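A.B. asks: So that you have it, the file is query30.pdb, and it contains PDB, C-alpha atoms, pLDDT in the B column:
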```pdb
MODEL        1
ATOM      1  CA  MET A 241       0.000   0.000   0.000  1.00 46.00           C
ATOM      2  CA  THR A 242       1.266   3.465  -0.893  1.00 52.00           C
ATOM      3  CA  ASP A 243       2.447   5.474   2.089  1.00 53.00           C
ATOM      4  CA  PRO A 244       0.713   8.875   1.649  1.00 53.00           C
ATOM      5  CA  ARG A 245       3.630  10.582   3.371  1.00 56.00           C
ATOM      6  CA  PHE A 246       5.904   9.725   0.443  1.00 73.00           C
ATOM      7  CA  ALA A 247       3.475   9.530  -2.477  1.00 93.00           C
ATOM      8  CA  LEU A 248       3.661  12.157  -5.175  1.00 97.00           C
ATOM      9  CA  ARG A 249       0.419  14.079  -5.414  1.00 98.00           C
ATOM     10  CA  VAL A 250      -1.145  14.220  -8.857  1.00 98.00           C
ATOM     11  CA  LEU A 251      -4.069  16.305 -10.113  1.00 98.00           C
ATOM     12  CA  SER A 252      -5.171  14.583 -13.306  1.00 97.00           C
ATOM     13  CA  THR A 253      -7.790  14.755 -15.995  1.00 95.00           C
ATOM     14  CA  LEU A 254     -10.202  11.834 -16.102  1.00 93.00           C
ATOM     15  CA  GLY A 255      -8.858  11.128 -19.580  1.00 93.00           C
ATOM     16  CA  LEU A 256      -5.650   9.658 -18.110  1.00 96.00           C
ATOM     17  CA  ARG A 257      -7.208   7.784 -15.191  1.00 96.00           C
ATOM     18  CA  GLY A 258      -7.195   4.450 -16.994  1.00 96.00           C
ATOM     19  CA  VAL A 259      -3.565   4.885 -18.002  1.00 97.00           C
ATOM     20  CA  MET A 260      -2.452   5.860 -14.503  1.00 97.00           C
ATOM     21  CA  THR A 261      -4.273   2.876 -13.031  1.00 96.00           C
ATOM     22  CA  GLU A 262      -2.761   0.463 -15.546  1.00 96.00           C
ATOM     23  CA  ILE A 263       0.835   1.638 -15.133  1.00 96.00           C
ATOM     24  CA  THR A 264       0.793   1.991 -11.351  1.00 97.00           C
ATOM     25  CA  PRO A 265       2.929  -1.182 -10.951  1.00 95.00           C
ATOM     26  CA  VAL A 266       5.467   0.198 -13.441  1.00 93.00           C
ATOM     27  CA  LEU A 267       5.716   3.479 -11.553  1.00 95.00           C
ATOM     28  CA  THR A 268       5.918   1.692  -8.207  1.00 94.00           C
ATOM     29  CA  ARG A 269       8.862  -0.386  -9.437  1.00 93.00           C
ATOM     30  CA  ARG A 270      10.592   2.902 -10.249  1.00 92.00           C
ATOM     31  CA  GLY A 271       9.934   4.208  -6.743  1.00 93.00           C
ATOM     32  CA  LEU A 272       7.303   6.643  -8.021  1.00 96.00           C
ATOM     33  CA  ASP A 273       4.333   6.038  -5.753  1.00 96.00           C
ATOM     34  CA  PHE A 274       1.554   8.532  -6.311  1.00 97.00           C
ATOM     35  CA  ALA A 275      -1.883   9.517  -5.051  1.00 96.00           C
ATOM     36  CA  ALA A 276      -4.129  11.053  -7.687  1.00 97.00           C
ATOM     37  CA  SER A 277      -7.239  13.198  -7.693  1.00 96.00           C
ATOM     38  CA  TYR A 278      -9.161  12.990 -10.978  1.00 95.00           C
ATOM     39  CA  GLY A 279     -11.582  15.372 -12.658  1.00 93.00           C
ATOM     40  CA  ALA A 280     -12.205  17.369 -15.801  1.00 90.00           C
ATOM     41  CA  SER A 281      -9.557  20.015 -16.438  1.00 92.00           C
ATOM     42  CA  ASN A 282     -12.257  22.690 -16.223  1.00 90.00           C
ATOM     43  CA  ILE A 283     -13.141  21.394 -12.745  1.00 92.00           C
ATOM     44  CA  LEU A 284      -9.553  21.148 -11.516  1.00 95.00           C
ATOM     45  CA  MET A 285      -8.470  24.567 -12.780  1.00 96.00           C
ATOM     46  CA  PRO A 286     -10.665  26.569 -10.347  1.00 95.00           C
ATOM     47  CA  ARG A 287      -9.392  24.399  -7.503  1.00 96.00           C
ATOM     48  CA  ILE A 288      -5.809  25.238  -8.490  1.00 96.00           C
ATOM     49  CA  ALA A 289      -6.700  28.919  -8.818  1.00 95.00           C
ATOM     50  CA  ALA A 290      -8.106  28.769  -5.286  1.00 96.00           C
ATOM     51  CA  GLY A 291      -4.757  27.542  -3.973  1.00 94.00           C
ATOM     52  CA  GLU A 292      -4.845  23.758  -4.297  1.00 96.00           C
ATOM     53  CA  THR A 293      -1.538  22.338  -5.417  1.00 94.00           C
ATOM     54  CA  ALA A 294       0.207  19.002  -5.925  1.00 97.00           C
ATOM     55  CA  ASP A 295       3.437  17.695  -7.400  1.00 98.00           C
ATOM     56  CA  VAL A 296       2.221  16.881 -10.914  1.00 98.00           C
ATOM     57  CA  ALA A 297      -0.614  18.243 -13.043  1.00 98.00           C
ATOM     58  CA  ILE A 298      -1.988  16.225 -15.978  1.00 98.00           C
ATOM     59  CA  LEU A 299      -4.501  18.392 -17.813  1.00 97.00           C
ATOM     60  CA  THR A 300      -5.349  19.639 -21.282  1.00 95.00           C
ATOM     61  CA  ASP A 301      -2.454  21.291 -23.074  1.00 96.00           C
ATOM     62  CA  GLY A 302      -4.197  24.658 -22.879  1.00 95.00           C
ATOM     63  CA  ALA A 303      -4.618  24.342 -19.120  1.00 96.00           C
ATOM     64  CA  ILE A 304      -0.954  23.429 -18.612  1.00 97.00           C
ATOM     65  CA  GLU A 305       0.104  26.343 -20.817  1.00 97.00           C
ATOM     66  CA  ASP A 306      -2.088  28.718 -18.804  1.00 97.00           C
ATOM     67  CA  LEU A 307      -0.715  27.456 -15.499  1.00 98.00           C
ATOM     68  CA  THR A 308       2.840  27.798 -16.803  1.00 98.00           C
ATOM     69  CA  GLU A 309       2.212  31.396 -17.838  1.00 97.00           C
ATOM     70  CA  ARG A 310       0.826  32.103 -14.354  1.00 96.00           C
ATOM     71  CA  GLY A 311       3.862  30.526 -12.692  1.00 96.00           C
ATOM     72  CA  ALA A 312       1.951  27.633 -11.105  1.00 97.00           C
ATOM     73  CA  ILE A 313       3.766  25.108 -13.314  1.00 98.00           C
ATOM     74  CA  ILE A 314       7.553  25.169 -13.656  1.00 98.00           C
ATOM     75  CA  ALA A 315       8.590  26.494 -17.062  1.00 97.00           C
ATOM     76  CA  GLY A 316      10.247  23.775 -19.119  1.00 96.00           C
ATOM     77  CA  SER A 317       8.656  20.914 -17.151  1.00 97.00           C
ATOM     78  CA  ARG A 318       5.747  20.423 -19.552  1.00 96.00           C
ATOM     79  CA  ARG A 319       5.447  17.318 -21.663  1.00 96.00           C
ATOM     80  CA  ASP A 320       2.651  16.553 -24.086  1.00 97.00           C
ATOM     81  CA  LEU A 321       1.528  12.985 -23.426  1.00 97.00           C
ATOM     82  CA  ALA A 322      -1.404  11.869 -25.541  1.00 97.00           C
ATOM     83  CA  ARG A 323      -4.064  12.903 -28.005  1.00 96.00           C
ATOM     84  CA  SER A 324      -7.692  11.964 -27.347  1.00 95.00           C
ATOM     85  CA  ALA A 325     -10.751  11.743 -29.590  1.00 97.00           C
ATOM     86  CA  ILE A 326     -14.416  12.057 -28.604  1.00 97.00           C
ATOM     87  CA  GLY A 327     -16.454   8.887 -28.986  1.00 97.00           C
ATOM     88  CA  ILE A 328     -19.957   7.466 -28.691  1.00 98.00           C
ATOM     89  CA  ALA A 329     -21.001   4.469 -26.612  1.00 98.00           C
ATOM     90  CA  VAL A 330     -24.149   2.443 -26.034  1.00 98.00           C
ATOM     91  CA  ARG A 331     -25.069  -0.253 -23.552  1.00 98.00           C
ATOM     92  CA  ALA A 332     -23.273  -3.524 -24.255  1.00 98.00           C
ATOM     93  CA  GLY A 333     -25.252  -5.554 -26.770  1.00 97.00           C
ATOM     94  CA  ALA A 334     -27.548  -2.684 -27.769  1.00 97.00           C
ATOM     95  CA  ALA A 335     -28.086  -1.685 -31.378  1.00 95.00           C
ATOM     96  CA  ARG A 336     -25.090   0.207 -32.751  1.00 96.00           C
ATOM     97  CA  PRO A 337     -26.222   3.337 -34.604  1.00 96.00           C
ATOM     98  CA  ASN A 338     -24.373   4.492 -37.690  1.00 97.00           C
ATOM     99  CA  ILE A 339     -22.274   7.583 -36.910  1.00 97.00           C
ATOM    100  CA  ARG A 340     -19.787   7.338 -39.786  1.00 95.00           C
ATOM    101  CA  THR A 341     -20.905  10.504 -41.585  1.00 97.00           C
ATOM    102  CA  VAL A 342     -22.170  13.883 -40.410  1.00 97.00           C
ATOM    103  CA  ALA A 343     -25.653  13.117 -41.731  1.00 97.00           C
ATOM    104  CA  ALA A 344     -25.709   9.678 -40.103  1.00 97.00           C
ATOM    105  CA  PHE A 345     -24.431  11.080 -36.817  1.00 98.00           C
ATOM    106  CA  LYS A 346     -27.092  13.787 -36.769  1.00 98.00           C
ATOM    107  CA  GLU A 347     -29.798  11.224 -37.515  1.00 97.00           C
ATOM    108  CA  ALA A 348     -28.518   8.895 -34.772  1.00 97.00           C
ATOM    109  CA  VAL A 349     -28.459  11.665 -32.158  1.00 98.00           C
ATOM    110  CA  LEU A 350     -32.001  12.727 -33.095  1.00 98.00           C
ATOM    111  CA  ALA A 351     -33.249   9.133 -33.065  1.00 97.00           C
ATOM    112  CA  THR A 352     -31.862   8.162 -29.671  1.00 97.00           C
ATOM    113  CA  ARG A 353     -34.345   8.494 -26.835  1.00 97.00           C
ATOM    114  CA  SER A 354     -31.765   9.660 -24.268  1.00 98.00           C
ATOM    115  CA  ILE A 355     -28.176  10.837 -24.278  1.00 98.00           C
ATOM    116  CA  ALA A 356     -25.542  11.812 -21.720  1.00 98.00           C
ATOM    117  CA  PHE A 357     -22.545  14.102 -22.002  1.00 97.00           C
ATOM    118  CA  SER A 358     -20.312  15.981 -19.587  1.00 93.00           C
ATOM    119  CA  ARG A 359     -21.083  19.459 -18.329  1.00 90.00           C
ATOM    120  CA  SER A 360     -17.529  20.773 -17.919  1.00 88.00           C
ATOM    121  CA  GLY A 361     -15.259  18.348 -19.770  1.00 88.00           C
ATOM    122  CA  ALA A 362     -13.752  19.216 -23.153  1.00 90.00           C
ATOM    123  CA  SER A 363     -15.877  16.560 -24.864  1.00 94.00           C
ATOM    124  CA  GLY A 364     -19.142  17.820 -23.396  1.00 94.00           C
ATOM    125  CA  LEU A 365     -18.442  21.447 -24.190  1.00 94.00           C
ATOM    126  CA  HIS A 366     -17.587  20.535 -27.779  1.00 96.00           C
ATOM    127  CA  PHE A 367     -20.654  18.310 -28.119  1.00 97.00           C
ATOM    128  CA  ALA A 368     -22.931  21.115 -26.932  1.00 96.00           C
ATOM    129  CA  GLU A 369     -21.386  23.435 -29.520  1.00 97.00           C
ATOM    130  CA  LEU A 370     -21.907  20.793 -32.218  1.00 97.00           C
ATOM    131  CA  MET A 371     -25.571  20.505 -31.378  1.00 97.00           C
ATOM    132  CA  ASP A 372     -25.905  24.267 -31.896  1.00 97.00           C
ATOM    133  CA  GLN A 373     -24.002  24.086 -35.172  1.00 96.00           C
ATOM    134  CA  LEU A 374     -26.177  21.234 -36.417  1.00 97.00           C
ATOM    135  CA  GLY A 375     -29.317  23.119 -35.415  1.00 97.00           C
ATOM    136  CA  ILE A 376     -30.633  20.385 -33.119  1.00 98.00           C
ATOM    137  CA  ALA A 377     -29.725  21.699 -29.660  1.00 97.00           C
ATOM    138  CA  PRO A 378     -33.323  22.092 -28.373  1.00 97.00           C
ATOM    139  CA  GLU A 379     -34.282  18.533 -29.371  1.00 97.00           C
ATOM    140  CA  VAL A 380     -31.134  17.057 -27.853  1.00 97.00           C
ATOM    141  CA  MET A 381     -31.263  18.999 -24.595  1.00 96.00           C
ATOM    142  CA  ARG A 382     -34.826  17.834 -23.931  1.00 97.00           C
ATOM    143  CA  LYS A 383     -33.570  14.256 -23.636  1.00 97.00           C
ATOM    144  CA  ALA A 384     -30.046  14.888 -22.284  1.00 97.00           C
ATOM    145  CA  ARG A 385     -28.413  14.037 -18.970  1.00 96.00           C
ATOM    146  CA  VAL A 386     -25.617  16.539 -18.432  1.00 95.00           C
ATOM    147  CA  PHE A 387     -23.282  16.236 -15.445  1.00 90.00           C
ATOM    148  CA  ASP A 388     -19.629  16.080 -14.444  1.00 88.00           C
ATOM    149  CA  GLY A 389     -18.289  12.543 -14.256  1.00 89.00           C
ATOM    150  CA  VAL A 390     -17.959   9.358 -16.294  1.00 93.00           C
ATOM    151  CA  VAL A 391     -21.098   9.518 -18.409  1.00 95.00           C
ATOM    152  CA  GLY A 392     -20.621   6.038 -19.866  1.00 96.00           C
ATOM    153  CA  GLU A 393     -21.859   4.658 -16.564  1.00 97.00           C
ATOM    154  CA  LEU A 394     -25.367   5.870 -17.451  1.00 97.00           C
ATOM    155  CA  ALA A 395     -25.263   3.915 -20.707  1.00 97.00           C
ATOM    156  CA  ALA A 396     -24.028   0.816 -18.880  1.00 98.00           C
ATOM    157  CA  THR A 397     -27.005   0.888 -16.518  1.00 97.00           C
ATOM    158  CA  GLY A 398     -29.495   1.674 -19.281  1.00 96.00           C
ATOM    159  CA  ASP A 399     -30.358   5.094 -17.852  1.00 97.00           C
ATOM    160  CA  VAL A 400     -29.511   6.561 -21.261  1.00 97.00           C
ATOM    161  CA  GLU A 401     -29.220   4.994 -24.693  1.00 98.00           C
ATOM    162  CA  MET A 402     -26.144   6.915 -25.805  1.00 98.00           C
ATOM    163  CA  ALA A 403     -23.107   8.419 -24.058  1.00 98.00           C
ATOM    164  CA  VAL A 404     -20.661  10.974 -25.465  1.00 98.00           C
ATOM    165  CA  GLN A 405     -17.206  11.471 -23.960  1.00 97.00           C
ATOM    166  CA  GLN A 406     -13.484  11.115 -24.604  1.00 96.00           C
ATOM    167  CA  VAL A 407     -12.824   7.559 -25.793  1.00 96.00           C
ATOM    168  CA  SER A 408     -10.303   7.091 -22.972  1.00 95.00           C
ATOM    169  CA  GLU A 409     -12.994   8.025 -20.438  1.00 95.00           C
ATOM    170  CA  LEU A 410     -15.548   5.701 -22.018  1.00 96.00           C
ATOM    171  CA  LYS A 411     -12.991   2.906 -21.668  1.00 95.00           C
ATOM    172  CA  LEU A 412     -13.167   3.310 -17.896  1.00 94.00           C
ATOM    173  CA  VAL A 413     -16.648   1.750 -17.950  1.00 96.00           C
ATOM    174  CA  ASP A 414     -17.603  -1.910 -18.141  1.00 97.00           C
ATOM    175  CA  GLY A 415     -20.896  -2.870 -19.768  1.00 98.00           C
ATOM    176  CA  ILE A 416     -20.800  -0.543 -22.769  1.00 98.00           C
ATOM    177  CA  ASP A 417     -19.841  -0.848 -26.424  1.00 98.00           C
ATOM    178  CA  ILE A 418     -17.839   2.026 -27.879  1.00 97.00           C
ATOM    179  CA  ILE A 419     -19.237   2.307 -31.387  1.00 96.00           C
ATOM    180  CA  GLY A 420     -16.660   4.769 -32.668  1.00 96.00           C
ATOM    181  CA  ALA A 421     -15.377   8.315 -32.736  1.00 97.00           C
ATOM    182  CA  LEU A 422     -17.204  11.359 -34.060  1.00 97.00           C
ATOM    183  CA  PRO A 423     -16.919  11.892 -37.821  1.00 97.00           C
ATOM    184  CA  ASP A 424     -13.712  13.690 -38.752  1.00 96.00           C
ATOM    185  CA  GLU A 425     -15.598  16.834 -39.763  1.00 97.00           C
ATOM    186  CA  LEU A 426     -17.101  17.087 -36.264  1.00 97.00           C
ATOM    187  CA  GLN A 427     -14.207  15.739 -34.238  1.00 97.00           C
ATOM    188  CA  LYS A 428     -12.135  17.765 -31.799  1.00 95.00           C
ATOM    189  CA  LEU A 429      -8.883  16.171 -30.657  1.00 95.00           C
ATOM    190  CA  THR A 430      -7.668  17.063 -27.182  1.00 94.00           C
ATOM    191  CA  VAL A 431      -4.003  16.916 -26.177  1.00 96.00           C
ATOM    192  CA  PHE A 432      -3.283  15.996 -22.574  1.00 96.00           C
ATOM    193  CA  SER A 433      -0.072  17.371 -21.085  1.00 97.00           C
ATOM    194  CA  ALA A 434       1.777  17.168 -17.779  1.00 98.00           C
ATOM    195  CA  GLY A 435       3.852  19.611 -15.759  1.00 98.00           C
ATOM    196  CA  VAL A 436       5.509  19.999 -12.367  1.00 98.00           C
ATOM    197  CA  PHE A 437       3.904  22.327  -9.854  1.00 98.00           C
ATOM    198  CA  GLY A 438       6.139  25.183  -8.755  1.00 97.00           C
ATOM    199  CA  ARG A 439       5.189  24.508  -5.142  1.00 96.00           C
ATOM    200  CA  SER A 440       6.099  20.810  -5.321  1.00 97.00           C
ATOM    201  CA  ALA A 441       8.355  19.716  -2.470  1.00 95.00           C
ATOM    202  CA  ARG A 442       9.788  16.995  -4.731  1.00 96.00           C
ATOM    203  CA  PRO A 443      10.182  18.520  -8.195  1.00 97.00           C
ATOM    204  CA  ALA A 444      12.896  16.081  -9.297  1.00 97.00           C
ATOM    205  CA  ALA A 445      10.733  13.056  -8.471  1.00 96.00           C
ATOM    206  CA  ALA A 446       7.740  14.746 -10.104  1.00 97.00           C
ATOM    207  CA  GLY A 447       9.791  15.191 -13.256  1.00 97.00           C
ATOM    208  CA  LEU A 448      10.742  11.511 -13.189  1.00 97.00           C
ATOM    209  CA  LEU A 449       7.074  10.537 -12.973  1.00 97.00           C
ATOM    210  CA  ILE A 450       6.268  12.686 -15.993  1.00 97.00           C
ATOM    211  CA  ALA A 451       9.213  11.194 -17.900  1.00 96.00           C
ATOM    212  CA  ALA A 452       7.882   7.723 -17.056  1.00 96.00           C
ATOM    213  CA  LEU A 453       4.606   8.665 -18.740  1.00 96.00           C
ATOM    214  CA  THR A 454       6.502   8.816 -22.048  1.00 94.00           C
ATOM    215  CA  SER A 455       8.036   5.343 -21.589  1.00 94.00           C
ATOM    216  CA  PRO A 456       7.163   2.435 -23.921  1.00 94.00           C
ATOM    217  CA  GLU A 457       5.094   0.859 -21.127  1.00 94.00           C
ATOM    218  CA  ALA A 458       3.075   4.038 -20.686  1.00 95.00           C
ATOM    219  CA  MET A 459       2.601   4.518 -24.414  1.00 95.00           C
ATOM    220  CA  GLY A 460       1.333   0.952 -24.722  1.00 96.00           C
ATOM    221  CA  ALA A 461      -1.147   1.620 -21.935  1.00 96.00           C
ATOM    222  CA  MET A 462      -2.271   4.803 -23.680  1.00 97.00           C
ATOM    223  CA  ARG A 463      -3.061   2.900 -26.874  1.00 96.00           C
ATOM    224  CA  ARG A 464      -4.997   0.263 -24.937  1.00 96.00           C
ATOM    225  CA  GLN A 465      -6.924   3.040 -23.189  1.00 95.00           C
ATOM    226  CA  GLY A 466      -7.993   4.681 -26.452  1.00 95.00           C
ATOM    227  CA  LEU A 467      -5.354   7.418 -26.607  1.00 96.00           C
ATOM    228  CA  GLU A 468      -2.761   8.298 -29.220  1.00 96.00           C
ATOM    229  CA  PRO A 469       0.629   8.790 -27.506  1.00 96.00           C
ATOM    230  CA  VAL A 470       2.484  12.000 -28.199  1.00 90.00           C
ATOM    231  CA  GLY A 471       5.316  11.647 -25.722  1.00 61.00           C
ATOM    232  CA  ARG A 472       7.364  14.734 -26.503  1.00 53.00           C
ATOM    233  CA  LEU A 473       8.447  17.948 -24.873  1.00 44.00           C
ATOM    234  CA  GLY A 474       5.761  20.632 -24.892  1.00 42.00           C
TER     235      GLY A 474
ENDMDL
END
```
Could you take the file, read its structure, and then write that structure out as structure tokens?
C.D. replies:
Amino acid sequence: MTDPRFALRVLSTLGLRGVMTEITPVLTRRGLDFAASYGASNILMPRIAAGETADVAILTDGAIEDLTERGAIIAGSRRDLARSAIGIAVRAGAARPNIRTVAAFKEAVLATRSIAFSRSGASGLHFAELMDQLGIAPEVMRKARVFDGVVGELAATGDVEMAVQQVSELKLVDGIDIIGALPDELQKLTVFSAGVFGRSARPAAAGLLIAALTSPEAMGAMRRQGLEPVGRLG
């Protein structure tokens, strides 16, 4: 069991939760025990602005850039880790709607009886904008469940027929089928990046943890969790 007195503290986007869970043994073997708090970047950012800190931040690239400019993240510590696409999921075994084209996607969203997406996450914000662009926002919102969390869980239980979120976040849920990503014309790729907090008491160890997230083991985990590894300096 990780001793909290020596564990690196990590504030991380939900999009990397599956990866961090999978590679915990790898990090432990390197002496990099950690304790993570997960949430959407748009949820974690106000907490950081209010004074919360940690050793490592794993957030959207824009959030890490903003924190670096404000001095909360050490300049030069940023690494871009992975690229994430937004996907659609249904309950395991349910009919799989066609979402391969813009027209088919629009028809599928209109035809579903209920849909869930995140309130504050990058995927949910983009999906809401898409509904406006497609001219179907009123119809969709009448049948939508919008909240902060892992929305695929609602599809798994049958509370909604369709869930929209980052593919890596959908992969956190058992009991759903991920039917695919949004059509290219509607897709918005999100880059997740990491950086060392300026107030970290262990910046060297924090940097080693971030470096470990670009290792072959971590990149393999990213692919299995529905992410495209980037693994380069930001």
A.B. asks: With the file shown as input, list the residues that the PyMOL selection byres ((chain A and resi 404) around 9) selects, as a PyMOL selection string.
C.D. replies: chain A and resi 326-329+355-358+363-364+367+391-392+402-403+405-407+410
A.B. asks: Taking (-5.2, 0.1, -17.2) in the file's own coordinates, collect the residues within 9 Å, counting all atoms listed in the file, and hand them back as number ranges by chain.
C.D. replies: A: 257-264, 412, 461-462, 464-465
A.B. asks: Report the residues retrieved by the PyMOL selection byres ((chain A and resi 334) around 10) from the displayed file, expressed as a list in words.
C.D. replies: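 Here the PyMOL selection byres ((chain A and resi 334) around 10) matches Ala329, Val330, Arg331, Ala332, Gly333, Ala335, Arg336, Pro337, Ala395, Gly398, Glu401, Met402, Ile416 and Asp417 of chain A.
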A.B. asks: Between A:Ala421, A:Ala384, A:Ala322, A:Ala362, which residue has the minimum interatomic distance to Ile298 of chain A, considering only C-alpha atoms?
C.D. replies: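 Once distances to Ile298 of chain A are computed over only C-alpha atoms, the minimum belongs to A:Ala322.
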A.B. asks: Just want the 12 Å neighbourhood of Ala351 of chain A, counted on only C-alpha atoms, with same-chain residues fewer than 3 positions away dropped. Output as a PDB file with C-alpha atoms, in the coordinates of the input.
C.D. replies:
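As written to disk, result-v3.pdb reads:
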```
ATOM      1  CA  PRO A 337     -26.222   3.337 -34.604  1.00 96.00           C
ATOM      2  CA  ASN A 338     -24.373   4.492 -37.690  1.00 97.00           C
ATOM      3  CA  ILE A 339     -22.274   7.583 -36.910  1.00 97.00           C
ATOM      4  CA  ALA A 344     -25.709   9.678 -40.103  1.00 97.00           C
ATOM      5  CA  PHE A 345     -24.431  11.080 -36.817  1.00 98.00           C
ATOM      6  CA  LYS A 346     -27.092  13.787 -36.769  1.00 98.00           C
ATOM      7  CA  GLU A 347     -29.798  11.224 -37.515  1.00 97.00           C
ATOM      8  CA  ALA A 348     -28.518   8.895 -34.772  1.00 97.00           C
ATOM      9  CA  SER A 354     -31.765   9.660 -24.268  1.00 98.00           C
ATOM     10  CA  ILE A 355     -28.176  10.837 -24.278  1.00 98.00           C
ATOM     11  CA  ILE A 376     -30.633  20.385 -33.119  1.00 98.00           C
ATOM     12  CA  GLU A 379     -34.282  18.533 -29.371  1.00 97.00           C
ATOM     13  CA  VAL A 380     -31.134  17.057 -27.853  1.00 97.00           C
ATOM     14  CA  LYS A 383     -33.570  14.256 -23.636  1.00 97.00           C
ATOM     15  CA  GLU A 401     -29.220   4.994 -24.693  1.00 98.00           C
ATOM     16  CA  MET A 402     -26.144   6.915 -25.805  1.00 98.00           C
TER      17      MET A 402
END
```
A.B. asks: When you draw a straight line from atom CA of Leu448 of chain A to atom CA of Ser277 of chain A, how long is it in Å?
C.D. replies: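 Atom CA of Ser277 of chain A lies at a distance of 18.9 Å from atom CA of Leu448 of chain A.
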A.B. asks: Could you list the residues chosen by the PyMOL selection byres ((chain A and resi 424) around 10) in this structure as a short mmCIF file (atom, residue, chain, number, x, y, z; two decimals) with C-alpha atoms, keeping the file's coordinate frame?
C.D. replies:
```cif
data_model
loop_
_atom_site.label_atom_id
_atom_site.label_comp_id
_atom_site.auth_asym_id
_atom_site.auth_seq_id
_atom_site.Cartn_x
_atom_site.Cartn_y
_atom_site.Cartn_z
CA ALA A 325 -10.75 11.74 -29.59
CA ARG A 340 -19.79 7.34 -39.79
CA THR A 341 -20.90 10.50 -41.58
CA VAL A 342 -22.17 13.88 -40.41
CA ALA A 421 -15.38 8.32 -32.74
CA LEU A 422 -17.20 11.36 -34.06
CA PRO A 423 -16.92 11.89 -37.82
CA GLU A 425 -15.60 16.83 -39.76
CA LEU A 426 -17.10 17.09 -36.26
CA GLN A 427 -14.21 15.74 -34.24
CA LYS A 428 -12.14 17.76 -31.80
CA LEU A 429 -8.88 16.17 -30.66
#
```
A.B. asks: Taking into account only C-alpha atoms, which residue in the set A:Leu449, A:Gly311, A:Val436, A:Leu370 is nearest to Leu299 of chain A?
C.D. replies: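 Closest to Leu299 of chain A, using only C-alpha atoms: A:Val436.
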A.B. asks: Output as JSON lines one row per residue of segment 243-267 of chain A within 12 Å of segment 287-292 of chain A: the closest atom pair and its distance in Å to one decimal place, counting all atoms listed in the file, sorted by chain and residue number ascending.
C.D. replies:
```
{"residue": "A:Arg249", "atom": "CA", "partner": "A:Glu292", "partner_atom": "CA", "distance": 11.1}
{"residue": "A:Val250", "atom": "CA", "partner": "A:Glu292", "partner_atom": "CA", "distance": 11.2}
{"residue": "A:Leu251", "atom": "CA", "partner": "A:Ile288", "partner_atom": "CA", "distance": 9.2}
{"residue": "A:Ser252", "atom": "CA", "partner": "A:Ile288", "partner_atom": "CA", "distance": 11.7}
```
A.B. asks: Could you save the residues just selected, with C-alpha atoms, as a compact mmCIF listing (two decimals), in the frame of the given file?
C.D. replies:
```txt
# COMPACT_ATOMS: atom_id res chain seq x y z
CA ARG A 249 0.42 14.08 -5.41
CA VAL A 250 -1.14 14.22 -8.86
CA LEU A 251 -4.07 16.30 -10.11
CA SER A 252 -5.17 14.58 -13.31
```
A.B. asks: Go ahead and find all residues with at least one atom no further than 12 Å from (-7.5, 20.6, -12.9) in the file's coordinates, using only C-alpha atoms; report them as a VMD selection string.
C.D. replies: chain A and resid 250 to 255 276 to 294 296 to 304 306 to 307 312 360 to 361 432 to 435 437
A.B. asks: So the first atom is atom CA of Phe246 of chain A and the second is atom CA of Leu267 of chain A; what is the distance between them in Å, to one decimal place?
C.D. replies: 13.5 Å
A.B. asks: Tell me which protein, DNA and RNA residues are within 8 Å of Ala441 of chain A, counting only C-alpha atoms, leaving out same-chain ones fewer than 2 positions away, and put them as a list in words.
C.D. replies: Asp295, Arg439 and Pro443 of chain A
A.B. asks: Go through A:Val400, A:Val431, A:Ala444, A:Ala452 and flag the residue nearest Arg323 of chain A, using all atoms listed in the file for the distances.
C.D. replies: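 Counting all atoms listed in the file, the residue closest to Arg323 of chain A is A:Val431.
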A.B. asks: Work out where the centre of an axis-aligned box around every listed atom of segment 304-314 of chain A lies and how long its edges are once 3 Å is added on each side; give both in Å to one decimal as AutoDock Vina command-line options.
C.D. replies:
```
--center_x 2.7 --center_y 27.8 --center_z -16.0 --size_x 15.6 --size_y 14.7 --size_z 15.7
```
A.B. asks: As an exercise, work out the distance from atom CA of Thr397 of chain A to atom CA of Leu374 of chain A in Å and give it to one decimal place.
C.D. replies: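 Here the two named atoms are 28.5 Å from each other.
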A.B. asks: Of the residues A:Ala368, A:Ile450, A:Leu467, A:Arg319, which is the one nearest to Glu409 of chain A, using only C-alpha atoms?
C.D. replies: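 Once distances to Glu409 of chain A are computed over only C-alpha atoms, the minimum belongs to A:Leu467.
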A.B. asks: Identify which of the residues A:Glu305, A:Leu365, A:Ala377, A:Ala315 lies closest to Gly447 of chain A, counting all atoms listed in the file when measuring atom-to-atom distances.
C.D. replies: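 Among A:Glu305, A:Leu365, A:Ala377, A:Ala315, it is A:Ala315 that comes nearest to Gly447 of chain A.
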A.B. asks: Compare A:Glu468, A:Asp372, A:Glu309, A:Asp388 by their minimum atom-to-atom distance to Thr430 of chain A, counting all atoms listed in the file, and give me the closest one.
C.D. replies: A:Glu468
